[in-house]
Each structure stands twice: as structure tokens, then as C-alpha cells.
file upload.cif (mmCIF, C-alpha atoms)
data_entry
#
loop_
_atom_site.label_atom_id
_atom_site.label_comp_id
_atom_site.auth_asym_id
_atom_site.auth_seq_id
_atom_site.Cartn_x
_atom_site.Cartn_y
_atom_site.Cartn_z
CA MET A 1 0.00 0.00 0.00
CA GLU A 2 1.20 3.51 -0.82
CA PRO A 3 1.91 5.85 2.10
CA VAL A 4 -1.04 7.95 3.23
CA ARG A 5 -1.27 11.26 1.38
CA ASP A 6 -1.30 14.52 3.31
CA TYR A 7 -4.77 15.54 2.10
CA GLU A 8 -6.18 12.10 3.00
CA LEU A 9 -4.84 12.35 6.53
CA LYS A 10 -6.22 15.89 6.90
CA ALA A 11 -9.66 14.82 5.64
CA PHE A 12 -9.70 11.89 8.07
CA PHE A 13 -8.53 14.15 10.89
CA ALA A 14 -11.30 16.69 10.10
CA TYR A 15 -13.91 13.93 10.22
CA ALA A 16 -12.56 12.51 13.52
CA ILE A 17 -12.71 16.01 15.07
CA GLU A 18 -16.24 16.49 13.77
CA VAL A 19 -17.29 13.20 15.43
CA LEU A 20 -15.66 14.07 18.78
CA GLU A 21 -17.30 17.51 18.81
CA ARG A 22 -20.71 16.18 17.78
CA LEU A 23 -20.58 13.66 20.64
CA GLY A 24 -19.34 16.26 23.14
CA VAL A 25 -16.06 14.46 23.88
CA PRO A 26 -13.47 16.92 25.28
CA TYR A 27 -10.20 16.48 23.37
CA MET A 28 -6.77 17.98 22.66
CA VAL A 29 -4.69 17.42 19.51
CA VAL A 30 -1.08 16.61 20.48
CA GLY A 31 1.99 14.95 18.92
CA GLY A 32 3.43 15.62 15.49
CA PHE A 33 0.28 17.18 14.06
CA ALA A 34 0.26 19.83 16.82
CA ALA A 35 4.03 20.36 16.48
CA ILE A 36 3.57 21.00 12.76
CA LEU A 37 0.75 23.49 13.37
CA HIS A 38 2.81 25.44 15.92
CA GLY A 39 6.19 24.89 14.28
CA GLU A 40 7.79 23.80 11.03
CA PRO A 41 6.26 21.51 8.38
CA ARG A 42 7.29 17.86 8.32
CA LEU A 43 5.72 14.59 7.25
CA THR A 44 3.49 12.81 9.74
CA ILE A 45 1.47 9.67 9.04
CA ASP A 46 -0.96 9.76 11.94
CA VAL A 47 -2.65 12.09 14.39
CA ASP A 48 -2.56 11.85 18.19
CA ILE A 49 -5.54 13.14 20.18
CA VAL A 50 -5.96 13.08 23.97
CA VAL A 51 -9.64 12.43 24.76
CA ASP A 52 -11.71 12.61 27.91
CA MET A 53 -14.06 9.90 26.63
CA LYS A 54 -16.71 8.34 28.86
CA PRO A 55 -18.36 4.90 28.50
CA GLU A 56 -21.55 6.48 27.12
CA HIS A 57 -19.57 7.93 24.19
CA ILE A 58 -18.27 4.56 22.98
CA GLY A 59 -21.31 3.21 21.10
CA PRO A 60 -22.04 6.42 19.14
CA PHE A 61 -18.31 6.87 18.45
CA VAL A 62 -17.95 3.37 16.96
CA ALA A 63 -21.17 3.86 14.94
CA ALA A 64 -19.64 6.98 13.34
CA PHE A 65 -16.83 4.84 11.84
CA PRO A 66 -18.62 1.96 10.04
CA ILE A 67 -16.89 -1.11 8.62
CA PRO A 68 -15.51 -1.51 5.90
CA ASP A 69 -14.68 2.19 5.51
CA TYR A 70 -13.02 2.28 8.93
CA TYR A 71 -11.65 -0.09 11.52
CA VAL A 72 -12.28 0.52 15.21
CA SER A 73 -12.89 -1.97 18.01
CA GLU A 74 -15.62 -1.24 20.57
CA GLU A 75 -14.18 -3.86 22.91
CA GLY A 76 -10.72 -2.35 22.42
CA ILE A 77 -11.99 1.12 23.34
CA ARG A 78 -13.67 -0.14 26.51
CA ASP A 79 -10.45 -1.88 27.56
CA SER A 80 -8.42 1.21 26.61
CA LEU A 81 -10.54 3.55 28.74
CA GLN A 82 -10.37 1.19 31.70
CA ARG A 83 -6.61 0.60 31.50
CA ARG A 84 -5.64 4.05 30.16
CA TYR A 85 -3.76 3.11 27.02
CA PRO A 86 -4.24 4.44 23.44
CA PHE A 87 -6.66 3.05 20.87
CA ASN A 88 -6.96 3.93 17.22
CA VAL A 89 -9.28 4.36 14.27
CA ILE A 90 -7.91 3.29 10.89
CA GLN A 91 -9.15 4.09 7.39
CA PRO A 92 -8.02 0.95 5.47
CA ALA A 93 -8.45 2.46 1.99
CA THR A 94 -5.89 5.21 2.67
CA GLY A 95 -3.88 3.88 5.61
CA ALA A 96 -4.73 7.04 7.58
CA LYS A 97 -4.80 6.54 11.34
CA VAL A 98 -5.92 8.54 14.36
CA ASP A 99 -4.51 7.48 17.74
CA LEU A 100 -6.74 8.42 20.67
CA ILE A 101 -5.18 8.61 24.13
CA PRO A 102 -7.48 8.48 27.17
CA LEU A 103 -6.77 11.53 29.34
CA PRO A 104 -3.92 10.39 31.62
CA ARG A 105 -4.00 10.89 35.36
CA ASP A 106 -0.65 12.70 35.51
CA LEU A 107 -0.89 16.33 36.60
CA CYS A 108 1.29 17.65 33.76
CA THR A 109 -1.02 16.34 31.01
CA ARG A 110 -4.14 17.34 32.91
CA ALA A 111 -2.82 20.89 33.31
CA ALA A 112 -2.02 21.02 29.57
CA PHE A 113 -5.54 19.75 28.86
CA GLN A 114 -7.00 22.63 30.87
CA ARG A 115 -4.89 25.13 28.89
CA ARG A 116 -5.73 23.75 25.43
CA GLN A 117 -6.78 26.31 22.81
CA ARG A 118 -8.94 26.40 19.70
CA LEU A 119 -6.95 27.13 16.53
CA ALA A 120 -7.55 27.12 12.77
CA TYR A 121 -5.51 24.36 11.14
CA ASP A 122 -6.07 24.87 7.40
CA GLU A 123 -6.58 27.53 4.74
CA ALA A 124 -10.35 26.95 4.79
CA GLY A 125 -10.49 28.07 8.43
CA HIS A 126 -11.42 24.70 9.96
CA SER A 127 -10.50 24.68 13.64
CA ALA A 128 -9.86 22.21 16.42
CA THR A 129 -8.66 22.20 20.02
CA PHE A 130 -4.86 21.92 20.27
CA ILE A 131 -2.22 21.70 22.96
CA THR A 132 -0.54 25.09 23.49
CA PRO A 133 2.89 25.77 21.94
CA GLU A 134 4.44 25.92 25.43
CA ASP A 135 2.98 22.55 26.36
CA ILE A 136 3.97 20.86 23.07
CA ILE A 137 7.59 21.98 23.61
CA LEU A 138 7.51 20.49 27.10
CA ALA A 139 5.80 17.29 25.87
CA LYS A 140 8.42 16.89 23.13
CA LEU A 141 11.28 17.33 25.62
CA ILE A 142 9.76 14.66 27.87
CA ALA A 143 9.23 12.38 24.85
CA PHE A 144 12.89 12.83 23.87
CA ARG A 145 14.00 11.93 27.39
CA GLU A 146 11.93 8.75 27.21
CA THR A 147 12.68 7.68 23.61
CA GLU A 148 15.89 9.54 22.61
CA SER A 149 14.31 10.10 19.17
CA ASP A 150 15.75 13.27 17.63
CA LYS A 151 12.45 14.07 15.89
CA HIS A 152 11.11 15.26 19.25
CA LEU A 153 13.96 17.75 19.63
CA ARG A 154 13.49 18.93 16.02
CA ASP A 155 9.77 19.43 16.67
CA ALA A 156 10.42 21.36 19.89
CA ARG A 157 13.06 23.56 18.22
CA GLY A 158 10.69 24.21 15.29
CA VAL A 159 7.98 25.43 17.66
CA LEU A 160 10.49 27.60 19.55
CA VAL A 161 11.67 29.24 16.33
CA MET A 162 8.23 29.76 14.77
CA GLN A 163 6.54 30.99 17.98
CA TRP A 164 9.55 32.87 19.40
CA GLU A 165 7.84 36.24 19.95
CA LYS A 166 4.69 34.72 21.49
CA LEU A 167 6.00 32.07 23.89
CA ASP A 168 5.84 32.29 27.67
CA LEU A 169 9.39 31.05 28.24
CA GLU A 170 9.09 31.24 32.02
CA ALA A 171 6.07 28.93 31.95
CA ILE A 172 8.09 26.44 29.88
CA ARG A 173 11.02 26.75 32.33
CA ARG A 174 8.73 26.01 35.29
CA GLY A 175 7.33 22.95 33.56
CA ALA A 176 10.77 21.82 32.40
CA ARG A 177 12.14 22.15 35.93
CA ALA A 178 9.26 20.08 37.32
CA ALA A 179 9.73 17.45 34.60
CA ARG A 180 13.53 17.40 35.09
CA VAL A 181 14.28 18.48 31.51
CA LEU A 182 15.38 22.07 32.24
CA GLY A 183 18.97 21.56 31.05
CA ARG A 184 17.78 20.17 27.73
CA PHE A 185 15.32 23.05 27.35
CA GLU A 186 18.03 25.67 27.95
CA GLU A 187 20.24 23.99 25.31
CA LEU A 188 17.36 23.97 22.83
CA LEU A 189 16.51 27.58 23.64
CA GLU A 190 20.06 28.68 22.89
CA ALA A 191 20.08 26.71 19.60
CA ALA A 192 16.78 28.33 18.58
CA ARG A 193 18.12 31.78 19.51
CA ARG A 194 21.18 31.28 17.30
CA GLU A 195 19.00 30.04 14.42
CA ILE A 196 16.78 33.13 14.64
CA GLU A 197 19.74 35.52 14.79
CA GLU A 198 21.49 34.01 11.74
#

call {"tool": "encode", "arguments": {"input": "upload.cif", "output": "C-alpha cells"}}
result
Amino acid sequence: MEPVRDYELKAFFAYAIEVLERLGVPYMVVGGFAAILHGEPRLTIDVDIVVDMKPEHIGPFVAAFPIPDYYVSEEGIRDSLQRRYPFNVIQPATGAKVDLIPLPRDLCTRAAFQRRQRLAYDEAGHSATFITPEDIILAKLIAFRETESDKHLRDARGVLVMQWEKLDLEAIRRGARAARVLGRFEELLEAARREIEE
């Protein structure tokens, strides 16, 4: 199968957001898709969304993604919500995938969820609820600490560079200190500063 095309992923994303909003499921777009919106363009093949989904949402949610156009497991969602691990919805025809992450219990993610903001994500003016640029930088630094994947540092630096004038750097420092990634943040901040000044 060919890799998912950008417009296919965006169309699938728009539909997933429409479903979540129609069902009244609080959500926050995170991960690469949010990093791209706040930062620099790069290829991403899926979308990550934190959801505060309740058991009563599951049936209508599954019904909105009928087989064979989509694949989603009702039993998998129930287990996911109970055990707090991600589940996904896949569009087999395109390979597009949306990963949904039940709202974790950790205070850092819950605070980010409270700060989420509505933003337009395309030229047509469609909007969705995204993690803030400050919180995506922090999330990417934590993800780098856990995975050592350089893409997380590139994403964080891209957001720093693109949002430089608007960021609350002290808020990021406080979060970075609490998450024990302050040294890495200061290094990234200096790299972004040099890039902007060049």
C-alpha cells in the first residue's frame, strides 16, 4: 500500500474532530500534528488526540466509523478507557490513522488539557482544540528523554523558532524544571536563539 497522502490524513482528521465535537467528547490534539501546526512543516502519518471519553460515548463513536470504511474496536476502546492506554481508528483504503489517548491521570497532562486552545488548522479556516505551543515543547522534551528520538527535539526547536515572539518562556522553564528536563530546554533555547539571529 502507498503511504497515506497529506490531504487524505487531513480529511480523516477533520472527520474525527467532527465526530468528537458532535458527541461532546473533550479532546486535545497533540503529537506531530500539533508540532507542525505550531512549528515547522514535516511529514506525519498519523494524528494523536488526547480524549476525555466516557463509557456512554463509545457506542455512538464506533457507529460513526462503520466497517468496511473504517476499523475501530468497541471492545478495544472499553479496555483502553479502563486501562488508560491508546486506541486507534484506521481508514483501510488510505492507511490514515488517528490514535486516541485516554486523558492520563498525571498532573502535567491534565494541566495542559485545561490550557488547550482552539486554533484554525487549514486555509479553509477549519478549527480544532490543540495543545498550546508551550505545552507541546515540554511534551516533546519529555518524549525525547523517554525515547531519545531526535524528531522530538526537532519538533520542539521548530515550535520555539516559529513561535519565538509569542511564547511564555518562564512557563516552559517552570514545567521543564518540574519534569527534570530544564537543562535540555536551555540547550534547545540557545540553539533556537542562534538560528533566529542568523

call {"tool": "resolve_selection", "arguments": {"input": "upload.cif", "expression": "the PyMOL selection byres ((chain A and resi 176) around 12)", "output": "PDB file with C-alpha atoms, in the frame of the given file"}}
result
ATOM      1  CA  CYS A 108       1.290  17.650  33.760  1.00  0.00           C
ATOM      2  CA  GLU A 134       4.440  25.920  25.430  1.00  0.00           C
ATOM      3  CA  ASP A 135       2.980  22.550  26.360  1.00  0.00           C
ATOM      4  CA  ILE A 136       3.970  20.860  23.070  1.00  0.00           C
ATOM      5  CA  ILE A 137       7.590  21.980  23.610  1.00  0.00           C
ATOM      6  CA  LEU A 138       7.510  20.490  27.100  1.00  0.00           C
ATOM      7  CA  ALA A 139       5.800  17.290  25.870  1.00  0.00           C
ATOM      8  CA  LYS A 140       8.420  16.890  23.130  1.00  0.00           C
ATOM      9  CA  LEU A 141      11.280  17.330  25.620  1.00  0.00           C
ATOM     10  CA  ILE A 142       9.760  14.660  27.870  1.00  0.00           C
ATOM     11  CA  ARG A 145      14.000  11.930  27.390  1.00  0.00           C
ATOM     12  CA  LEU A 169       9.390  31.050  28.240  1.00  0.00           C
ATOM     13  CA  GLU A 170       9.090  31.240  32.020  1.00  0.00           C
ATOM     14  CA  ALA A 171       6.070  28.930  31.950  1.00  0.00           C
ATOM     15  CA  ILE A 172       8.090  26.440  29.880  1.00  0.00           C
ATOM     16  CA  ARG A 173      11.020  26.750  32.330  1.00  0.00           C
ATOM     17  CA  ARG A 174       8.730  26.010  35.290  1.00  0.00           C
ATOM     18  CA  GLY A 175       7.330  22.950  33.560  1.00  0.00           C
ATOM     19  CA  ARG A 177      12.140  22.150  35.930  1.00  0.00           C
ATOM     20  CA  ALA A 178       9.260  20.080  37.320  1.00  0.00           C
ATOM     21  CA  ALA A 179       9.730  17.450  34.600  1.00  0.00           C
ATOM     22  CA  ARG A 180      13.530  17.400  35.090  1.00  0.00           C
ATOM     23  CA  VAL A 181      14.280  18.480  31.510  1.00  0.00           C
ATOM     24  CA  LEU A 182      15.380  22.070  32.240  1.00  0.00           C
ATOM     25  CA  GLY A 183      18.970  21.560  31.050  1.00  0.00           C
ATOM     26  CA  ARG A 184      17.780  20.170  27.730  1.00  0.00           C
ATOM     27  CA  PHE A 185      15.320  23.050  27.350  1.00  0.00           C
ATOM     28  CA  GLU A 186      18.030  25.670  27.950  1.00  0.00           C
ATOM     29  CA  LEU A 188      17.360  23.970  22.830  1.00  0.00           C
ATOM     30  CA  LEU A 189      16.510  27.580  23.640  1.00  0.00           C
TER      31      LEU A 189
END

call {"tool": "atom_distance", "arguments": {"input": "upload.cif", "atom1": "atom CA of A:Arg116", "atom2": "atom CA of A:Val98"}}
result
18.8 Å

call {"tool": "atom_distance", "arguments": {"input": "upload.cif", "atom1": "atom CA of A:Arg193", "atom2": "atom CA of A:Gln163"}}
result
11.7 Å

call {"tool": "closest_residue", "arguments": {"input": "upload.cif", "among": "A:Ile90, A:Ala11, A:Ala192, A:Val51", "to": "A:Gly24", "atoms": "only C-alpha atoms"}}
result
A:Val51

call {"tool": "closest_residue", "arguments": {"input": "upload.cif", "among": "A:Asp46, A:Glu195, A:Glu56, A:Glu190", "to": "A:Val89", "atoms": "only C-alpha atoms"}}
result
A:Asp46

call {"tool": "resolve_selection", "arguments": {"input": "upload.cif", "expression": "the PyMOL selection byres ((chain A and resi 66-74) around 6)", "output": "list of chain:residue names"}}
result
A:Ala63, A:Phe65, A:Glu75, A:Gly76, A:Ile77, A:Val89, A:Ile90, A:Gln91

call {"tool": "closest_residue", "arguments": {"input": "upload.cif", "among": "A:Leu167, A:Ala111, A:Lys97, A:Leu23", "to": "A:Val62", "atoms": "all atoms listed in the file"}}
result
A:Leu23

call {"tool": "residues_around", "arguments": {"input": "upload.cif", "residues": "A:Ser80", "least_positions_apart": "2", "cutoff": "12 Å", "atoms": "all atoms listed in the file", "output": "ChimeraX atom specification"}}
result
/A:51-55,58,73-78,82-88,99-104

call {"tool": "atom_distance", "arguments": {"input": "upload.cif", "atom1": "atom CA of A:Asp79", "atom2": "atom CA of A:Pro60"}}
result
16.6 Å

call {"tool": "residues_around", "arguments": {"input": "upload.cif", "residues": "stretch 32-44 of chain A", "least_positions_apart": "4", "cutoff": "12 Å", "atoms": "all atoms listed in the file", "output": "VMD selection string"}}
result
chain A and resid 3 to 10 13 28 48 to 50 96 to 99 116 to 122 127 to 140 143 151 to 164 166 to 167 192

call {"tool": "write_last_selection", "arguments": {"input": "upload.cif", "atoms": "C-alpha atoms", "output": "tab-separated table (two decimals), keeping the file's coordinate frame"}}
result
chain	number	residue	atom	x	y	z
A	3	PRO	CA	1.91	5.85	2.10
A	4	VAL	CA	-1.04	7.95	3.23
A	5	ARG	CA	-1.27	11.26	1.38
A	6	ASP	CA	-1.30	14.52	3.31
A	7	TYR	CA	-4.77	15.54	2.10
A	8	GLU	CA	-6.18	12.10	3.00
A	9	LEU	CA	-4.84	12.35	6.53
A	10	LYS	CA	-6.22	15.89	6.90
A	13	PHE	CA	-8.53	14.15	10.89
A	28	MET	CA	-6.77	17.98	22.66
A	48	ASP	CA	-2.56	11.85	18.19
A	49	ILE	CA	-5.54	13.14	20.18
A	50	VAL	CA	-5.96	13.08	23.97
A	96	ALA	CA	-4.73	7.04	7.58
A	97	LYS	CA	-4.80	6.54	11.34
A	98	VAL	CA	-5.92	8.54	14.36
A	99	ASP	CA	-4.51	7.48	17.74
A	116	ARG	CA	-5.73	23.75	25.43
A	117	GLN	CA	-6.78	26.31	22.81
A	118	ARG	CA	-8.94	26.40	19.70
A	119	LEU	CA	-6.95	27.13	16.53
A	120	ALA	CA	-7.55	27.12	12.77
A	121	TYR	CA	-5.51	24.36	11.14
A	122	ASP	CA	-6.07	24.87	7.40
A	127	SER	CA	-10.50	24.68	13.64
A	128	ALA	CA	-9.86	22.21	16.42
A	129	THR	CA	-8.66	22.20	20.02
A	130	PHE	CA	-4.86	21.92	20.27
A	131	ILE	CA	-2.22	21.70	22.96
A	132	THR	CA	-0.54	25.09	23.49
A	133	PRO	CA	2.89	25.77	21.94
A	134	GLU	CA	4.44	25.92	25.43
A	135	ASP	CA	2.98	22.55	26.36
A	136	ILE	CA	3.97	20.86	23.07
A	137	ILE	CA	7.59	21.98	23.61
A	138	LEU	CA	7.51	20.49	27.10
A	139	ALA	CA	5.80	17.29	25.87
A	140	LYS	CA	8.42	16.89	23.13
A	143	ALA	CA	9.23	12.38	24.85
A	151	LYS	CA	12.45	14.07	15.89
A	152	HIS	CA	11.11	15.26	19.25
A	153	LEU	CA	13.96	17.75	19.63
A	154	ARG	CA	13.49	18.93	16.02
A	155	ASP	CA	9.77	19.43	16.67
A	156	ALA	CA	10.42	21.36	19.89
A	157	ARG	CA	13.06	23.56	18.22
A	158	GLY	CA	10.69	24.21	15.29
A	159	VAL	CA	7.98	25.43	17.66
A	160	LEU	CA	10.49	27.60	19.55
A	161	VAL	CA	11.67	29.24	16.33
A	162	MET	CA	8.23	29.76	14.77
A	163	GLN	CA	6.54	30.99	17.98
A	164	TRP	CA	9.55	32.87	19.40
A	166	LYS	CA	4.69	34.72	21.49
A	167	LEU	CA	6.00	32.07	23.89
A	192	ALA	CA	16.78	28.33	18.58

call {"tool": "closest_residue", "arguments": {"input": "upload.cif", "among": "A:Glu165, A:His57, A:Phe12, A:Ala124", "to": "A:Pro26", "atoms": "all atoms listed in the file"}}
result
A:His57

call {"tool": "closest_residue", "arguments": {"input": "upload.cif", "among": "A:Thr147, A:Val30, A:Ala64, A:Arg105", "to": "A:Leu81", "atoms": "all atoms listed in the file"}}
result
A:Arg105

call {"tool": "build_atoms", "arguments": {"input": "upload.cif", "residues": "stretch 27-63 of chain A", "atoms": "N, CA and C atoms", "output": "CSV table (one decimal), in the frame of the given file"}}
result
chain,number,residue,atom,x,y,z
A,27,TYR,N,-11.4,17.0,24.0
A,27,TYR,CA,-10.2,16.5,23.4
A,27,TYR,C,-9.1,17.5,23.2
A,28,MET,N,-7.9,17.1,22.9
A,28,MET,CA,-6.8,18.0,22.7
A,28,MET,C,-5.8,17.3,21.7
A,29,VAL,N,-5.6,17.9,20.5
A,29,VAL,CA,-4.7,17.4,19.5
A,29,VAL,C,-3.3,17.6,20.0
A,30,VAL,N,-2.5,16.6,20.0
A,30,VAL,CA,-1.1,16.6,20.5
A,30,VAL,C,-0.1,16.0,19.4
A,31,GLY,N,1.1,15.7,19.8
A,31,GLY,CA,2.0,15.0,18.9
A,31,GLY,C,2.5,15.7,17.7
A,32,GLY,N,2.9,15.0,16.7
A,32,GLY,CA,3.4,15.6,15.5
A,32,GLY,C,2.5,16.6,14.8
A,33,PHE,N,1.2,16.3,14.7
A,33,PHE,CA,0.3,17.2,14.1
A,33,PHE,C,0.2,18.6,14.7
A,34,ALA,N,0.2,18.6,16.1
A,34,ALA,CA,0.3,19.8,16.8
A,34,ALA,C,1.6,20.5,16.7
A,35,ALA,N,2.7,19.8,16.7
A,35,ALA,CA,4.0,20.4,16.5
A,35,ALA,C,4.1,21.0,15.1
A,36,ILE,N,3.5,20.4,14.1
A,36,ILE,CA,3.6,21.0,12.8
A,36,ILE,C,2.8,22.3,12.7
A,37,LEU,N,1.6,22.3,13.4
A,37,LEU,CA,0.8,23.5,13.4
A,37,LEU,C,1.5,24.7,14.0
A,38,HIS,N,2.1,24.4,15.2
A,38,HIS,CA,2.8,25.4,15.9
A,38,HIS,C,4.2,25.7,15.4
A,39,GLY,N,4.8,24.8,14.7
A,39,GLY,CA,6.2,24.9,14.3
A,39,GLY,C,6.4,24.8,12.8
A,40,GLU,N,7.4,23.9,12.4
A,40,GLU,CA,7.8,23.8,11.0
A,40,GLU,C,7.2,22.6,10.4
A,41,PRO,N,6.9,22.7,9.1
A,41,PRO,CA,6.3,21.5,8.4
A,41,PRO,C,7.2,20.3,8.4
A,42,ARG,N,6.6,19.1,8.5
A,42,ARG,CA,7.3,17.9,8.3
A,42,ARG,C,6.2,16.8,8.0
A,43,LEU,N,6.7,15.7,7.6
A,43,LEU,CA,5.7,14.6,7.2
A,43,LEU,C,5.3,13.9,8.5
A,44,THR,N,4.0,13.6,8.7
A,44,THR,CA,3.5,12.8,9.7
A,44,THR,C,2.4,11.9,9.2
A,45,ILE,N,2.4,10.6,9.6
A,45,ILE,CA,1.5,9.7,9.0
A,45,ILE,C,0.3,9.3,9.9
A,46,ASP,N,0.2,10.0,11.1
A,46,ASP,CA,-1.0,9.8,11.9
A,46,ASP,C,-1.2,11.0,12.8
A,47,VAL,N,-2.3,11.0,13.5
A,47,VAL,CA,-2.6,12.1,14.4
A,47,VAL,C,-2.9,11.5,15.8
A,48,ASP,N,-2.4,12.2,16.8
A,48,ASP,CA,-2.6,11.8,18.2
A,48,ASP,C,-3.5,12.8,18.9
A,49,ILE,N,-4.5,12.3,19.5
A,49,ILE,CA,-5.5,13.1,20.2
A,49,ILE,C,-5.8,12.6,21.6
A,50,VAL,N,-5.6,13.4,22.6
A,50,VAL,CA,-6.0,13.1,24.0
A,50,VAL,C,-7.5,13.3,24.1
A,51,VAL,N,-8.2,12.3,24.6
A,51,VAL,CA,-9.6,12.4,24.8
A,51,VAL,C,-10.1,12.1,26.2
A,52,ASP,N,-11.1,12.9,26.6
A,52,ASP,CA,-11.7,12.6,27.9
A,52,ASP,C,-13.0,11.9,27.6
A,53,MET,N,-12.9,10.7,27.1
A,53,MET,CA,-14.1,9.9,26.6
A,53,MET,C,-14.7,9.1,27.8
A,54,LYS,N,-16.0,9.1,27.8
A,54,LYS,CA,-16.7,8.3,28.9
A,54,LYS,C,-17.4,7.1,28.2
A,55,PRO,N,-17.7,6.1,29.1
A,55,PRO,CA,-18.4,4.9,28.5
A,55,PRO,C,-19.6,5.2,27.6
A,56,GLU,N,-20.4,6.2,27.9
A,56,GLU,CA,-21.6,6.5,27.1
A,56,GLU,C,-21.2,7.0,25.7
A,57,HIS,N,-20.0,7.4,25.5
A,57,HIS,CA,-19.6,7.9,24.2
A,57,HIS,C,-19.2,6.8,23.2
A,58,ILE,N,-18.9,5.6,23.8
A,58,ILE,CA,-18.3,4.6,23.0
A,58,ILE,C,-19.2,4.1,21.8
A,59,GLY,N,-20.4,3.7,22.1
A,59,GLY,CA,-21.3,3.2,21.1
A,59,GLY,C,-21.5,4.2,19.9
A,60,PRO,N,-21.9,5.4,20.2
A,60,PRO,CA,-22.0,6.4,19.1
A,60,PRO,C,-20.7,6.7,18.4
A,61,PHE,N,-19.6,6.6,19.1
A,61,PHE,CA,-18.3,6.9,18.4
A,61,PHE,C,-18.0,5.8,17.4
A,62,VAL,N,-18.2,4.5,17.9
A,62,VAL,CA,-18.0,3.4,17.0
A,62,VAL,C,-18.9,3.4,15.8
A,63,ALA,N,-20.2,3.8,16.0
A,63,ALA,CA,-21.2,3.9,14.9
A,63,ALA,C,-20.8,4.9,13.9
